[in-house]
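Undergrad: Below you'll find the structure I mean.
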Amino acid sequence: MRVVVVGGGYAGISCLIRLHGRFRECQRILVDPGHLHIKRTRLQEIVRRPLEGLREPFVDLAARFGFRMRHGLVDCRPASLAGYSREGRLPLGKRGLAFDFLVVATGSPDRTPPGRAADVITVADTATPAGGKRLLAAAEKTRRGGPPLAIVGAGATGLQYLFELLETGVPGPGLLLVDRGQRLLSGQPEAIRDYVAGRLASAGVRVLSNTRMTSFRGGGRAGSLRVAGPGGRRAHNVSAVMFCPGSGGRRLRADPYGRVLVGRRTLPNVFSAGDAASWAARGQDGRTAQAAVRKGRHAADNIRREVRGRMMQEFLTPNLGFFLSMGPRDAAGWVASPSRVVTGLPAAGLREAIETRYELMLEGIDTFAAF
Ligand SMILES: Cc1cc2nc3c(=O)[nH]c(=O)nc-3n(C[C@H](O)[C@H](O)[C@H](O)COP(=O)(O)OP(=O)(O)OC[C@H]3O[C@@H](n4cnc5c(N)ncnc54)[C@H](O)[C@@H]3O)c2cc1C
């Protein structure tokens, strides 16, 4: 029995760890183009800690959890998956890679910046030493009195980078937050939105809402960020643009058990997990690490059930909470119910506990089974 997992992010690694714990007799193979598992939920921390702590070599995880590694980029469009499902084989290498079950966990594709703005710093860039250096250099320029640093996208990701930058001493008026929406963090409880807006206002961060980035041209001491908003089209001199537009792109569709659907057809041997797919289940379906970990584990359990001739189970885990990190000592979020809002140091502690729980799982201490 061989399970091939495509994509070594939160969903893929959680699936492999669960298979190691509960279905060790199956052979497990991870396919990913990279060499490192990236802890993306902490990527904004690169402005204050080394990147090494946020990446884990796949070879180490493979040794710890008994899987094999193949490097490659797999075409995971629905029609291609239907072909792999029929043949029980991925087109990798000369002979292909045979599987009994395939798990697609390739995450969300990065959105392309508008106006072919190649100079912007993307979230993916910050997972590389060169990208991290560019962000730090821009922050330093702003700190020394240069033009402001722009953050495009005021969702949770953009805000997390912003608060980390504030923490490193970039002054609030040196940060320009641009968002096409009218309100920050729409969808989150008002108490959280008010708390975050209050911190932005007291720091003096300039927020341009209802405003969309149209292009950016970098170069020299300052780049030119062009935007379109309520006041018409404007250009702002900025030290850099940190581009955080949120996850986009179409997701694969999957049934309540996590099996990929192509049209009306279920692919019986192809599962999905994480940002890559939307499941028609009653459980949470957001593009979050929280959902990715749980769906990765759920897909592993359903594969085991299927092999043992047992009924697969629908994914029912609800959204258990939300936390926005606002630097090492501050956060805002809720646990168990959106009416239970926590802010400040206690919230930062809770968020850290959530991260620690994941780190422990990577070390082989799995507390997810308990709650
Ligand atoms: C800065 C930041 C902060 C965040 N904070 C939080 C948070 O606090 N809480 C939270 O719940 N979520 C948070 N998120 C969202 C969270 O990181 C994502 O939801 C999560 O990473 C999704 O996990 P995944 O396994 O689906 O994909 P990913 O973690 O993105 O992993 C995808 C993997 O698939 C591989 N891959 C991609 N394409 C292919 C292909 N074609 N073939 C083979 N391999 C492929 C990639 O190399 C990668 O290793 C944050 C995101 C960012 C960027």
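Just remember, in the structure tokens the first chain shown is A, the second B, etc., residues are 1-based per chain, and ligands are 1-based in the order shown.
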All residues within 7 Å of ligand 1 are required, counting only C-alpha atoms and all ligand atoms; please report them as a ChimeraX atom specification.
TA: /A:6-12,31-34,37-38,40-44,72-76,105-108,123,157,160,273-276,287-292,323-325
Undergrad: Skip Asp179 (chain A) itself and residues of its chain fewer than 3 positions away, then list as a PyMOL selection string all residues within 8 Å of it, counting only C-alpha atoms.
TA: chain A and resi 152-154+182+207-212
Undergrad: Just how far from CA of Arg226 (chain A) is CA of Met213 (chain A), in Å to one decimal?
TA: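 The value is 6.0 Å.
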Undergrad: Show me, as a ChimeraX atom specification, the residues that have an atom within 9 Å of Gly132 (chain A) when counting only C-alpha atoms, minus same-chain residues fewer than 6 positions from it.
TA: /A:46-47,51,121,125-126
Undergrad: Using only C-alpha atoms, which protein or nucleic acid residues come within 10 Å of Arg265 (chain A)? Drop anything in the same chain fewer than 3 positions from it, and give the result as a ChimeraX atom specification.
TA: /A:82,255,260-262,268
Undergrad: Excluding region 348-364 of chain A and its own-chain neighbours fewer than 3 positions away, which residues fall within 6 Å of it when counting only C-alpha atoms? Please give them as a PyMOL selection string.
TA: chain A and resi 329-331+345
Undergrad: Once DSSP has gone over the backbone, tell me which residues of region 5-220 of chain A are in strand (DSSP E), as number ranges by chain.
TA: A: 5-6, 27-32, 36-38, 55-57, 68-71, 89-90, 97-98, 101-104, 121-122, 149-152, 175-178, 206-208, 212-217
Undergrad: Which residue, A:Arg264, A:Arg22, A:Arg70, A:Arg28, has the smallest gap to Met1 (chain A) when you use only C-alpha atoms?
TA: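 For Met1 (chain A), the nearest of the given residues is A:Arg28.
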Undergrad: Smallest atom-to-atom distance to Pro189 (chain A): which of A:Lys94, A:Arg340, A:Arg2, A:His35, using only C-alpha atoms?
TA: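 Using only C-alpha atoms, Pro189 (chain A) sits closest to A:Arg340.
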Undergrad: Which residues are close to Gly187 (chain A), i.e. within 12 Å by only C-alpha atoms, leaving aside same-chain residues fewer than 5 positions away? Reply as a PyMOL selection string.
TA: chain A and resi 155-156+192-193+322+338
Undergrad: For a test of reading the model, state the distance in Å between CA of Ser80 (chain A) and CA of Trp279 (chain A), rounded to one decimal.
TA: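 Value for the CA of Ser80 (chain A)-CA of Trp279 (chain A) distance: 19.1 Å.
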Undergrad: Tell me, in Å to one decimal, how far CA of Glu190 (chain A) is from CA of Gly172 (chain A).
TA: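 So the two atoms, CA of Glu190 (chain A) and CA of Gly172 (chain A), lie 22.8 Å apart.
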Undergrad: My list of candidates is A:Glu87, A:Thr343, A:Leu54, A:Val59. Which is closest to Val270 (chain A) when distances are computed with only C-alpha atoms?
TA: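 The answer is A:Glu87, which sits nearest to Val270 (chain A).
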